[in-house]
$ cat work_32.pdb   # PDB, C-alpha atoms and all ligand atoms
ATOM      1  CA  MET A 155      23.466  53.378  29.021
ATOM      2  CA  SER A 156      26.998  52.782  27.692
ATOM      3  CA  GLN A 157      27.507  51.634  24.103
ATOM      4  CA  GLN A 158      29.250  48.345  23.329
ATOM      5  CA  LYS A 159      32.939  48.775  22.373
ATOM      6  CA  ARG A 160      34.532  46.576  19.750
ATOM      7  CA  VAL A 161      38.052  45.405  20.604
ATOM      8  CA  LEU A 162      40.463  43.692  18.222
ATOM      9  CA  ILE A 163      43.277  41.661  19.812
ATOM     10  CA  LEU A 164      46.154  40.672  17.546
ATOM     11  CA  GLY A 165      47.341  37.344  18.899
ATOM     12  CA  GLY A 166      49.602  34.398  18.402
ATOM     13  CA  THR A 167      50.843  34.297  22.001
ATOM     14  CA  GLY A 168      49.709  32.816  25.306
ATOM     15  CA  ASP A 169      49.336  36.353  26.662
ATOM     16  CA  ALA A 170      46.920  37.221  23.849
ATOM     17  CA  THR A 171      44.788  34.167  24.599
ATOM     18  CA  GLU A 172      44.692  34.984  28.311
ATOM     19  CA  LEU A 173      43.882  38.612  27.565
ATOM     20  CA  ALA A 174      41.030  37.632  25.233
ATOM     21  CA  VAL A 175      39.518  35.282  27.825
ATOM     22  CA  LYS A 176      39.691  37.952  30.544
ATOM     23  CA  THR A 177      38.435  40.718  28.257
ATOM     24  CA  ALA A 178      35.326  38.641  27.623
ATOM     25  CA  GLU A 179      34.431  39.194  31.283
ATOM     26  CA  ILE A 180      34.227  42.976  30.794
ATOM     27  CA  SER A 181      30.646  44.056  30.126
ATOM     28  CA  ASP A 182      29.764  46.026  27.004
ATOM     29  CA  VAL A 183      32.792  44.723  25.085
ATOM     30  CA  ALA A 184      32.746  42.637  21.911
ATOM     31  CA  ILE A 185      36.077  40.925  21.191
ATOM     32  CA  MET A 186      37.609  39.840  17.942
ATOM     33  CA  THR A 187      40.952  38.083  17.854
ATOM     34  CA  SER A 188      43.278  37.636  14.913
ATOM     35  CA  LEU A 189      45.977  35.064  14.152
ATOM     36  CA  ALA A 190      48.486  35.018  11.315
ATOM     37  CA  GLY A 191      47.779  31.353  10.592
ATOM     38  CA  ARG A 192      51.348  30.138  11.010
ATOM     39  CA  THR A 193      50.527  27.025  13.064
ATOM     40  CA  ARG A 194      48.425  24.151  11.767
ATOM     41  CA  GLN A 195      46.447  23.690  14.973
ATOM     42  CA  PRO A 196      46.338  27.134  16.570
ATOM     43  CA  ILE A 197      44.898  27.739  20.011
ATOM     44  CA  VAL A 198      41.741  29.668  19.099
ATOM     45  CA  PRO A 199      40.256  31.353  22.158
ATOM     46  CA  PHE A 200      36.944  32.396  20.544
ATOM     47  CA  LYS A 201      34.832  31.615  17.561
ATOM     48  CA  GLU A 202      35.220  35.300  16.671
ATOM     49  CA  THR A 203      38.802  34.597  15.595
ATOM     50  CA  ARG A 204      39.889  35.488  12.100
ATOM     51  CA  ILE A 205      42.964  33.761  10.642
ATOM     52  CA  GLY A 206      45.413  35.066   8.032
ATOM     53  CA  GLY A 207      47.146  38.327   7.108
ATOM     54  CA  PHE A 208      45.126  41.488   6.502
ATOM     55  CA  GLY A 209      47.095  42.521   3.412
ATOM     56  CA  GLY A 210      49.508  45.058   4.858
ATOM     57  CA  VAL A 211      48.636  48.386   6.463
ATOM     58  CA  SER A 212      45.884  49.206   3.958
ATOM     59  CA  GLY A 213      44.236  45.827   4.520
ATOM     60  CA  LEU A 214      44.299  46.325   8.267
ATOM     61  CA  VAL A 215      42.931  49.864   7.950
ATOM     62  CA  ASN A 216      40.055  48.508   5.857
ATOM     63  CA  TYR A 217      39.379  45.771   8.393
ATOM     64  CA  LEU A 218      39.327  48.236  11.307
ATOM     65  CA  LYS A 219      36.851  50.424   9.424
ATOM     66  CA  GLU A 220      34.617  47.598   8.176
ATOM     67  CA  GLN A 221      34.438  45.952  11.581
ATOM     68  CA  LEU A 222      33.937  49.292  13.374
ATOM     69  CA  ILE A 223      36.808  48.512  15.751
ATOM     70  CA  ASP A 224      37.028  50.975  18.665
ATOM     71  CA  VAL A 225      40.214  49.717  20.356
ATOM     72  CA  LEU A 226      43.226  47.764  19.029
ATOM     73  CA  ILE A 227      45.488  45.687  21.261
ATOM     74  CA  ASP A 228      48.636  44.234  19.743
ATOM     75  CA  ALA A 229      49.512  41.181  21.840
ATOM     76  CA  THR A 230      51.711  39.542  19.210
ATOM     77  CA  HIS A 231      55.103  37.976  19.892
ATOM     78  CA  PRO A 232      58.030  40.355  20.569
ATOM     79  CA  PHE A 233      59.699  39.098  17.347
ATOM     80  CA  ALA A 234      56.597  39.746  15.207
ATOM     81  CA  ALA A 235      57.716  43.287  14.389
ATOM     82  CA  GLN A 236      56.056  43.717  11.003
ATOM     83  CA  ILE A 237      52.508  43.295  12.270
ATOM     84  CA  SER A 238      53.300  45.588  15.227
ATOM     85  CA  PHE A 239      54.413  48.406  12.907
ATOM     86  CA  ASN A 240      51.384  47.789  10.675
ATOM     87  CA  ALA A 241      49.079  47.938  13.701
ATOM     88  CA  ALA A 242      50.600  51.167  15.020
ATOM     89  CA  ILE A 243      50.276  52.878  11.636
ATOM     90  CA  ALA A 244      46.738  51.575  11.019
ATOM     91  CA  ALA A 245      45.467  52.598  14.472
ATOM     92  CA  THR A 246      46.820  56.116  13.919
ATOM     93  CA  ALA A 247      45.210  56.232  10.480
ATOM     94  CA  VAL A 248      41.748  55.408  11.841
ATOM     95  CA  ASN A 249      42.357  57.324  15.075
ATOM     96  CA  ILE A 250      41.576  54.622  17.637
ATOM     97  CA  PRO A 251      43.374  53.821  20.931
ATOM     98  CA  HIS A 252      46.167  51.300  20.459
ATOM     99  CA  LEU A 253      48.172  49.347  23.038
ATOM    100  CA  MET A 254      51.107  46.951  22.746
ATOM    101  CA  LEU A 255      51.259  44.110  25.259
ATOM    102  CA  ILE A 256      54.881  43.049  25.232
ATOM    103  CA  ARG A 257      56.372  40.887  27.917
ATOM    104  CA  PRO A 258      59.763  41.941  29.307
ATOM    105  CA  ALA A 259      62.902  40.459  27.801
ATOM    106  CA  TRP A 260      64.860  37.957  29.885
ATOM    107  CA  LYS A 261      67.926  39.331  31.628
ATOM    108  CA  PRO A 262      71.004  37.250  32.423
ATOM    109  CA  VAL A 263      71.526  36.265  36.058
ATOM    110  CA  ALA A 264      74.622  34.933  37.856
ATOM    111  CA  GLY A 265      75.831  31.760  36.153
ATOM    112  CA  ASP A 266      74.313  32.517  32.751
ATOM    113  CA  VAL A 267      76.747  32.461  29.832
ATOM    114  CA  TRP A 268      75.060  34.444  27.070
ATOM    115  CA  LEU A 269      76.340  35.710  23.766
ATOM    116  CA  ASP A 270      73.944  38.460  22.716
ATOM    117  CA  VAL A 271      73.525  38.723  18.935
ATOM    118  CA  ASP A 272      71.323  40.975  16.826
ATOM    119  CA  ASN A 273      69.814  38.357  14.534
ATOM    120  CA  ASN A 274      69.920  34.723  13.433
ATOM    121  CA  ALA A 275      72.612  35.324  10.815
ATOM    122  CA  THR A 276      74.973  36.565  13.530
ATOM    123  CA  ALA A 277      73.962  33.617  15.717
ATOM    124  CA  ALA A 278      74.970  31.276  12.889
ATOM    125  CA  ALA A 279      78.280  33.110  12.504
ATOM    126  CA  VAL A 280      79.297  32.627  16.160
ATOM    127  CA  LEU A 281      78.402  28.915  16.422
ATOM    128  CA  PRO A 282      81.485  27.341  14.752
ATOM    129  CA  GLY A 283      84.091  27.009  17.468
ATOM    130  CA  LEU A 284      81.437  27.257  20.184
ATOM    131  CA  ALA A 285      79.813  23.811  19.913
ATOM    132  CA  GLN A 286      79.374  20.810  17.622
ATOM    133  CA  ARG A 287      75.890  19.932  18.870
ATOM    134  CA  VAL A 288      73.430  22.803  19.196
ATOM    135  CA  PHE A 289      69.838  23.112  20.454
ATOM    136  CA  LEU A 290      68.149  25.470  17.980
ATOM    137  CA  THR A 291      64.947  26.980  19.411
ATOM    138  CA  ILE A 292      64.116  29.751  16.965
ATOM    139  CA  GLY A 293      61.065  28.144  15.344
ATOM    140  CA  ARG A 294      60.915  27.008  11.737
ATOM    141  CA  GLN A 295      60.902  30.239   9.722
ATOM    142  CA  GLU A 296      64.650  30.941   9.695
ATOM    143  CA  LEU A 297      66.087  27.426   9.841
ATOM    144  CA  SER A 298      67.886  27.834   6.509
ATOM    145  CA  THR A 299      70.144  30.513   8.057
ATOM    146  CA  PHE A 300      71.932  27.635   9.845
ATOM    147  CA  ALA A 301      71.849  25.060   7.025
ATOM    148  CA  HIS A 302      75.378  25.736   5.713
ATOM    149  CA  LEU A 303      77.067  24.960   9.036
ATOM    150  CA  ASN A 304      78.958  21.764   9.755
ATOM    151  CA  ILE A 305      77.147  21.395  13.080
ATOM    152  CA  TRP A 306      74.529  18.929  14.345
ATOM    153  CA  PHE A 307      71.266  20.595  15.435
ATOM    154  CA  LEU A 308      68.371  19.557  17.642
ATOM    155  CA  MET A 309      65.635  21.793  16.167
ATOM    156  CA  ARG A 310      62.464  22.359  18.156
ATOM    157  CA  MET A 311      59.337  23.862  16.599
ATOM    158  CA  ILE A 312      55.558  23.435  16.682
ATOM    159  CA  ASP A 313      55.005  22.409  13.053
ATOM    160  CA  PRO A 314      57.500  20.837  10.624
ATOM    161  CA  PRO A 315      59.415  23.098   8.235
ATOM    162  CA  LEU A 316      57.674  23.980   4.971
ATOM    163  CA  PRO A 317      58.649  21.601   2.119
ATOM    164  CA  ASP A 318      61.021  24.037   0.355
ATOM    165  CA  THR A 319      62.980  24.905   3.528
ATOM    166  CA  LEU A 320      66.710  24.173   3.593
ATOM    167  CA  VAL A 321      66.944  22.273   6.890
ATOM    168  CA  PRO A 322      70.269  22.066   8.801
ATOM    169  CA  PRO A 323      71.672  18.616   9.629
ATOM    170  CA  GLY A 324      70.248  17.092  12.807
ATOM    171  CA  GLU A 325      66.931  16.085  14.302
ATOM    172  CA  LEU A 326      63.523  17.796  14.345
ATOM    173  CA  LEU A 327      61.605  17.876  17.606
ATOM    174  CA  LEU A 328      57.963  18.905  17.114
ATOM    175  CA  ASP A 329      56.596  20.196  20.392
ATOM    176  CA  ARG A 330      54.690  23.139  21.850
ATOM    177  CA  GLY A 331      55.562  24.810  25.169
ATOM    178  CA  PRO A 332      55.363  25.343  28.035
ATOM    179  CA  PHE A 333      58.373  23.140  28.718
ATOM    180  CA  SER A 334      59.298  21.888  32.187
ATOM    181  CA  LEU A 335      62.757  22.180  33.705
ATOM    182  CA  GLU A 336      62.972  18.373  33.934
ATOM    183  CA  ASN A 337      62.229  18.135  30.211
ATOM    184  CA  GLU A 338      64.883  20.693  29.295
ATOM    185  CA  ARG A 339      67.516  19.218  31.612
ATOM    186  CA  SER A 340      67.127  15.774  30.094
ATOM    187  CA  LEU A 341      67.095  17.053  26.498
ATOM    188  CA  LEU A 342      70.416  18.852  27.005
ATOM    189  CA  GLN A 343      71.948  15.732  28.535
ATOM    190  CA  GLN A 344      70.427  13.128  26.205
ATOM    191  CA  TYR A 345      71.518  15.000  23.064
ATOM    192  CA  GLU A 346      74.871  16.122  24.537
ATOM    193  CA  ILE A 347      74.089  19.725  23.668
ATOM    194  CA  GLY A 348      77.034  22.139  23.713
ATOM    195  CA  ALA A 349      75.166  25.420  23.040
ATOM    196  CA  ILE A 350      71.624  26.774  22.688
ATOM    197  CA  VAL A 351      70.324  29.353  20.221
ATOM    198  CA  SER A 352      67.283  31.177  21.557
ATOM    199  CA  LYS A 353      65.275  34.274  20.809
ATOM    200  CA  ASN A 354      64.931  36.578  23.796
ATOM    201  CA  SER A 355      61.194  35.941  23.889
ATOM    202  CA  GLY A 356      60.705  36.589  27.605
ATOM    203  CA  GLY A 357      57.937  34.968  29.667
ATOM    204  CA  HIS A 358      57.806  31.662  31.536
ATOM    205  CA  ALA A 359      56.730  29.133  28.899
ATOM    206  CA  THR A 360      60.164  28.670  27.315
ATOM    207  CA  TYR A 361      62.445  29.926  30.094
ATOM    208  CA  ALA A 362      63.266  26.481  31.572
ATOM    209  CA  LYS A 363      65.886  25.827  28.876
ATOM    210  CA  ILE A 364      67.746  28.935  30.074
ATOM    211  CA  ILE A 365      67.786  27.591  33.648
ATOM    212  CA  ALA A 366      68.897  24.149  32.447
ATOM    213  CA  ALA A 367      71.695  25.749  30.401
ATOM    214  CA  ARG A 368      72.839  27.713  33.465
ATOM    215  CA  GLU A 369      72.902  24.539  35.578
ATOM    216  CA  GLN A 370      74.901  22.635  32.968
ATOM    217  CA  LYS A 371      77.175  25.602  32.138
ATOM    218  CA  ILE A 372      76.061  25.618  28.509
ATOM    219  CA  PRO A 373      76.379  28.891  26.560
ATOM    220  CA  VAL A 374      73.234  30.479  25.118
ATOM    221  CA  VAL A 375      73.433  32.481  21.909
ATOM    222  CA  MET A 376      70.636  34.952  22.639
ATOM    223  CA  VAL A 377      69.033  36.676  19.671
ATOM    224  CA  GLN A 378      67.964  40.179  20.682
ATOM    225  CA  ARG A 379      64.537  41.588  19.873
ATOM    226  CA  PRO A 380      63.874  43.619  16.774
ATOM    227  CA  PRO A 381      62.827  47.270  17.193
ATOM    228  CA  ILE A 382      59.094  47.840  17.717
ATOM    229  CA  PRO A 383      57.008  50.992  17.235
ATOM    230  CA  THR A 384      56.740  53.801  19.742
ATOM    231  CA  GLY A 385      53.389  54.024  21.499
ATOM    232  CA  GLU A 386      51.584  52.898  24.633
ATOM    233  CA  LYS A 387      52.981  49.647  26.036
ATOM    234  CA  VAL A 388      52.308  47.373  28.993
ATOM    235  CA  ALA A 389      54.246  44.308  30.145
ATOM    236  CA  ASP A 390      51.496  41.981  31.373
ATOM    237  CA  VAL A 391      47.887  40.939  30.906
ATOM    238  CA  GLU A 392      46.595  42.612  34.080
ATOM    239  CA  SER A 393      48.031  45.979  33.012
ATOM    240  CA  ALA A 394      46.448  45.568  29.574
ATOM    241  CA  LEU A 395      43.066  44.885  31.195
ATOM    242  CA  PHE A 396      43.455  47.980  33.390
ATOM    243  CA  TRP A 397      44.200  50.080  30.295
ATOM    244  CA  LEU A 398      41.298  48.540  28.386
ATOM    245  CA  ARG A 399      38.749  49.115  31.161
ATOM    246  CA  ASP A 400      39.708  52.769  31.136
ATOM    247  CA  LYS A 401      39.291  53.034  27.350
ATOM    248  CA  VAL A 402      35.934  51.250  27.170
ATOM    249  CA  SER A 403      34.494  53.302  30.035
ATOM    250  CA  LYS A 404      34.874  56.518  28.025
TER     251      LYS A 404
HETATM  252  P1  LIG A 501      55.408  39.395  11.379
HETATM  253  O1  LIG A 501      56.655  39.125  10.637
HETATM  254  O2  LIG A 501      55.346  40.567  12.278
HETATM  255  O3  LIG A 501      54.167  39.532  10.386
HETATM  256  C1  LIG A 501      54.217  39.116   9.025
HETATM  257  C2  LIG A 501      52.822  39.212   8.486
HETATM  258  O4  LIG A 501      51.992  38.201   9.068
HETATM  259  C3  LIG A 501      52.115  40.507   8.818
HETATM  260  O5  LIG A 501      52.505  41.557   7.962
HETATM  261  C4  LIG A 501      50.669  40.102   8.693
HETATM  262  O6  LIG A 501      50.304  39.964   7.321
HETATM  263  C5  LIG A 501      50.685  38.707   9.248
HETATM  264  N1  LIG A 501      50.363  38.664  10.687
HETATM  265  C6  LIG A 501      51.216  38.582  11.734
HETATM  266  N2  LIG A 501      50.551  38.486  12.886
HETATM  267  C7  LIG A 501      49.230  38.522  12.568
HETATM  268  C8  LIG A 501      48.031  38.432  13.332
HETATM  269  N3  LIG A 501      48.043  38.279  14.684
HETATM  270  N4  LIG A 501      46.851  38.492  12.669
HETATM  271  C9  LIG A 501      46.823  38.621  11.297
HETATM  272  N5  LIG A 501      47.913  38.691  10.538
HETATM  273  C10 LIG A 501      49.108  38.638  11.157
HETATM  274  O7  LIG A 501      54.956  38.101  12.222
HETATM  275  P2  LIG A 501      55.678  36.675  12.397
HETATM  276  O8  LIG A 501      56.951  36.871  13.137
HETATM  277  O9  LIG A 501      55.658  35.953  11.113
HETATM  278  O10 LIG A 501      54.656  35.991  13.405
HETATM  279  C11 LIG A 501      53.408  35.570  12.956
HETATM  280  C12 LIG A 501      52.512  35.293  14.153
HETATM  281  O11 LIG A 501      53.095  34.289  14.949
HETATM  282  C13 LIG A 501      52.298  36.511  15.032
HETATM  283  O12 LIG A 501      50.916  36.643  15.254
HETATM  284  C14 LIG A 501      53.043  36.213  16.300
HETATM  285  O13 LIG A 501      52.359  36.669  17.454
HETATM  286  C15 LIG A 501      53.153  34.691  16.290
HETATM  287  N6  LIG A 501      54.442  34.232  16.835
HETATM  288  C16 LIG A 501      55.598  34.670  16.291
HETATM  289  C17 LIG A 501      56.800  34.255  16.824
HETATM  290  C18 LIG A 501      58.108  34.738  16.275
HETATM  291  O14 LIG A 501      59.150  34.367  16.816
HETATM  292  N7  LIG A 501      58.120  35.575  15.260
HETATM  293  C19 LIG A 501      56.810  33.372  17.906
HETATM  294  C20 LIG A 501      55.597  32.927  18.441
HETATM  295  C21 LIG A 501      54.411  33.367  17.896
HETATM  296  P3  LIG A 501      49.596  41.137   6.490
HETATM  297  O15 LIG A 501      50.665  42.163   6.242
HETATM  298  O16 LIG A 501      49.091  40.455   5.285
HETATM  299  O17 LIG A 501      48.491  41.677   7.384
END
$ encode --input "work_32.pdb" --output "structure tokens"
Amino acid sequence: MSQQKRVLILGGTGDATELAVKTAEISDVAIMTSLAGRTRQPIVPFKETRIGGFGGVSGLVNYLKEQLIDVLIDATHPFAAQISFNAAIAATAVNIPHLMLIRPAWKPVAGDVWLDVDNNATAAAVLPGLAQRVFLTIGRQELSTFAHLNIWFLMRMIDPPLPDTLVPPGELLLDRGPFSLENERSLLQQYEIGAIVSKNSGGHATYAKIIAAREQKIPVVMVQRPPIPTGEKVADVESALFWLRDKVSK
């Protein structure tokens, strides 16, 4: 008789939620999921979801030991690099299998006008001269990077900025994806948007704005992904499940 395996999924993405739901269908697996606690009303796939940081690498190592975790899957957002490095180091320290589920970055297609930049500060530096009205879709954590600019911003995020945040001039739009193409087309037109700032998050949920920008010949300042650790990686939920079934069968 096989022994139950304990799997920890680091989440905060739609892929992580889908993976957790599908992992629950594998027999002899107990799942725990973990969220950072950034959003006020997170999508919690299971009651076995813990919320909040672990306390760095040492905190995560302690958690993995205390909870007798056998397998760690990092399904966090491609821009959540800190937790991915922490997870890679912690999994090595406790010697358990570790996988990163990271969806592929978007690639420009014919008609796209992208300016690739390395980070939000560079995005802010290229905006003057590009547009006077900008759709800022980088979330709420780095809004202040754009606050000094003499530009009007439509700023979309799930929760409002924290009280001490320096918010750029413009309008807040509190909304959670996925976003339809019709929605994105009309936002760009209604607000007379001249440029978009986006992270290269990949996936379908927030891609419609890129299509709408292409249609309306609007440039996209595309923030490139930060480096992530070396290690085993897959690009989609099905591949993660395939990998997991192999690990839990051993
Ligand atoms: P980050 O910079 O990589 O992580 C900062 C700290 O947050 C980590 O050191 C860890 O704290 C804690 N943390 C992050 N993810 C966690 C998780 N799943 N469970 C427990 N603790 C976690 O991450 P971030 O960019 O702030 O993103 C936070 C969360 O939001 C991630 O889970 C990510 O999947 C989700 N998210 C991020 C973005 C984005 O653009 N960055 C977009 C959509 C969703 P300790 O060191 O104390 O353990």
$ resolve_selection --input "work_32.pdb" --expression "the PyMOL selection byres (((not hetatm)) within 9 of (chain A and resi 501))" --output "VMD selection string"
chain A and resid 163 to 168 170 187 to 193 204 to 214 228 to 241 292 to 293 295 353 355
$ resolve_selection --input "work_32.pdb" --expression "the PyMOL selection byres (((chain A and resi 251) around 10) and not hetatm)" --output "number ranges by chain"
A: 161, 223-227, 242, 245-246, 248-250, 252-253, 386, 398, 401
$ residues_around --input "work_32.pdb" --residues "Pro317 (chain A)" --least-positions-apart "2" --cutoff "12 Å" --atoms "only C-alpha atoms" --output "list of chain:residue names"
A:Arg294, A:Gln295, A:Ser298, A:Asp313, A:Pro314, A:Pro315, A:Thr319, A:Leu320, A:Val321
$ write_last_selection --input "work_32.pdb" --atoms "C-alpha atoms" --output "PDB file, in the frame of the given file"
ATOM      1  CA  ARG A 294      60.915  27.008  11.737  1.00  0.00           C
ATOM      2  CA  GLN A 295      60.902  30.239   9.722  1.00  0.00           C
ATOM      3  CA  SER A 298      67.886  27.834   6.509  1.00  0.00           C
ATOM      4  CA  ASP A 313      55.005  22.409  13.053  1.00  0.00           C
ATOM      5  CA  PRO A 314      57.500  20.837  10.624  1.00  0.00           C
ATOM      6  CA  PRO A 315      59.415  23.098   8.235  1.00  0.00           C
ATOM      7  CA  THR A 319      62.980  24.905   3.528  1.00  0.00           C
ATOM      8  CA  LEU A 320      66.710  24.173   3.593  1.00  0.00           C
ATOM      9  CA  VAL A 321      66.944  22.273   6.890  1.00  0.00           C
TER      10      VAL A 321
END
$ residues_around --input "work_32.pdb" --residues "Leu173 (chain A)" --least-positions-apart "2" --cutoff "8 Å" --atoms "only C-alpha atoms" --output "ChimeraX atom specification"
/A:169-171,175-177,391,394-395
$ residues_around --input "work_32.pdb" --residues "Glu338 (chain A)" --least-positions-apart "3" --cutoff "6 Å" --atoms "all atoms listed in the file" --output "VMD selection string"
chain A and resid 335 341 363
$ resolve_selection --input "work_32.pdb" --expression "the PyMOL selection byres (((chain A and resi 334) around 9) and not hetatm)" --output "short mmCIF file (atom, residue, chain, number, x, y, z; two decimals) with C-alpha atoms, in the coordinates of the input"
data_model
loop_
_atom_site.label_atom_id
_atom_site.label_comp_id
_atom_site.auth_asym_id
_atom_site.auth_seq_id
_atom_site.Cartn_x
_atom_site.Cartn_y
_atom_site.Cartn_z
CA GLY A 331 55.56 24.81 25.17
CA PRO A 332 55.36 25.34 28.04
CA PHE A 333 58.37 23.14 28.72
CA LEU A 335 62.76 22.18 33.70
CA GLU A 336 62.97 18.37 33.93
CA ASN A 337 62.23 18.14 30.21
CA GLU A 338 64.88 20.69 29.30
CA ARG A 339 67.52 19.22 31.61
CA ALA A 359 56.73 29.13 28.90
CA THR A 360 60.16 28.67 27.32
CA TYR A 361 62.44 29.93 30.09
CA ALA A 362 63.27 26.48 31.57
CA LYS A 363 65.89 25.83 28.88
#
$ closest_residue --input "work_32.pdb" --among "A:Val375, A:Ile350, A:Ile312, A:Val388" --to "Gln195 (chain A)" --atoms "only C-alpha atoms"
A:Ile312
$ residues_near_point --input "work_32.pdb" --point "(68.1, 28.9, 17.7)" --cutoff "9 Å" --atoms "all atoms listed in the file" --output "NGL selection string"
:A and (274 or 277-278 or 288-293 or 296-297 or 300 or 309-310 or 350-353 or 375-377)
$ atom_distance --input "work_32.pdb" --atom1 "CA of Leu255 (chain A)" --atom2 "CA of Glu392 (chain A)"
10.1 Å
$ atom_distance --input "work_32.pdb" --atom1 "CA of Asn216 (chain A)" --atom2 "CA of Glu202 (chain A)"
17.7 Å
$ residues_around --input "work_32.pdb" --residues "Ala349 (chain A)" --least-positions-apart "5" --cutoff "10 Å" --atoms "all atoms listed in the file" --output "compact mmCIF listing (two decimals) with C-alpha atoms, keeping the file's coordinate frame"
# COMPACT_ATOMS: atom_id res chain seq x y z
CA VAL A 267 76.75 32.46 29.83
CA TRP A 268 75.06 34.44 27.07
CA LEU A 281 78.40 28.92 16.42
CA LEU A 284 81.44 27.26 20.18
CA ALA A 285 79.81 23.81 19.91
CA GLN A 286 79.37 20.81 17.62
CA ARG A 287 75.89 19.93 18.87
CA VAL A 288 73.43 22.80 19.20
CA PHE A 289 69.84 23.11 20.45
CA LEU A 290 68.15 25.47 17.98
CA PHE A 307 71.27 20.60 15.44
CA LEU A 342 70.42 18.85 27.00
CA ALA A 367 71.69 25.75 30.40
CA LYS A 371 77.18 25.60 32.14
CA ILE A 372 76.06 25.62 28.51
CA PRO A 373 76.38 28.89 26.56
CA VAL A 374 73.23 30.48 25.12
CA VAL A 375 73.43 32.48 21.91
$ atom_distance --input "work_32.pdb" --atom1 "CA of Thr276 (chain A)" --atom2 "CA of Leu326 (chain A)"
22.0 Å
$ closest_residue --input "work_32.pdb" --among "A:Leu303, A:Leu316, A:Ala259, A:Ala244" --to "Ala389 (chain A)" --atoms "all atoms listed in the file"
A:Ala259
$ closest_residue --input "work_32.pdb" --among "A:Val271, A:Glu179, A:Leu218, A:Pro199" --to "Ala247 (chain A)" --atoms "all atoms listed in the file"
A:Leu218
$ decode --input "work_32.pdb" --residues "region 200-212 of chain A" --atoms "N, CA and C atoms" --output "compact mmCIF listing (two decimals), in the first residue's frame"
# COMPACT_ATOMS: atom_id res chain seq x y z
N PHE A 200 -8.78 25.79 -1.22
CA PHE A 200 -9.01 24.75 -0.21
C PHE A 200 -9.00 25.36 1.17
N LYS A 201 -9.61 24.64 2.09
CA LYS A 201 -9.51 25.13 3.47
C LYS A 201 -8.09 24.94 3.99
N GLU A 202 -7.35 24.01 3.40
CA GLU A 202 -5.95 23.83 3.81
C GLU A 202 -5.06 24.86 3.11
N THR A 203 -5.45 26.12 3.18
CA THR A 203 -4.66 27.20 2.60
C THR A 203 -4.13 28.07 3.73
N ARG A 204 -2.83 28.23 3.76
CA ARG A 204 -2.24 29.13 4.74
C ARG A 204 -1.99 30.47 4.04
N ILE A 205 -2.05 31.56 4.79
CA ILE A 205 -1.90 32.89 4.18
C ILE A 205 -0.85 33.69 4.95
N GLY A 206 0.09 34.28 4.19
CA GLY A 206 1.13 35.12 4.80
C GLY A 206 2.51 34.55 4.53
N GLY A 207 3.53 35.42 4.62
CA GLY A 207 4.91 34.99 4.39
C GLY A 207 5.35 33.94 5.40
N PHE A 208 6.40 33.20 5.04
CA PHE A 208 6.93 32.16 5.93
C PHE A 208 7.99 32.74 6.87
N GLY A 209 8.57 33.89 6.49
CA GLY A 209 9.70 34.43 7.23
C GLY A 209 11.01 34.04 6.57
N GLY A 210 11.09 34.30 5.27
CA GLY A 210 12.33 34.04 4.53
C GLY A 210 12.60 32.55 4.35
N VAL A 211 13.84 32.26 3.91
CA VAL A 211 14.20 30.86 3.61
C VAL A 211 14.10 30.01 4.88
N SER A 212 14.60 30.54 6.00
CA SER A 212 14.61 29.71 7.22
C SER A 212 13.18 29.40 7.67
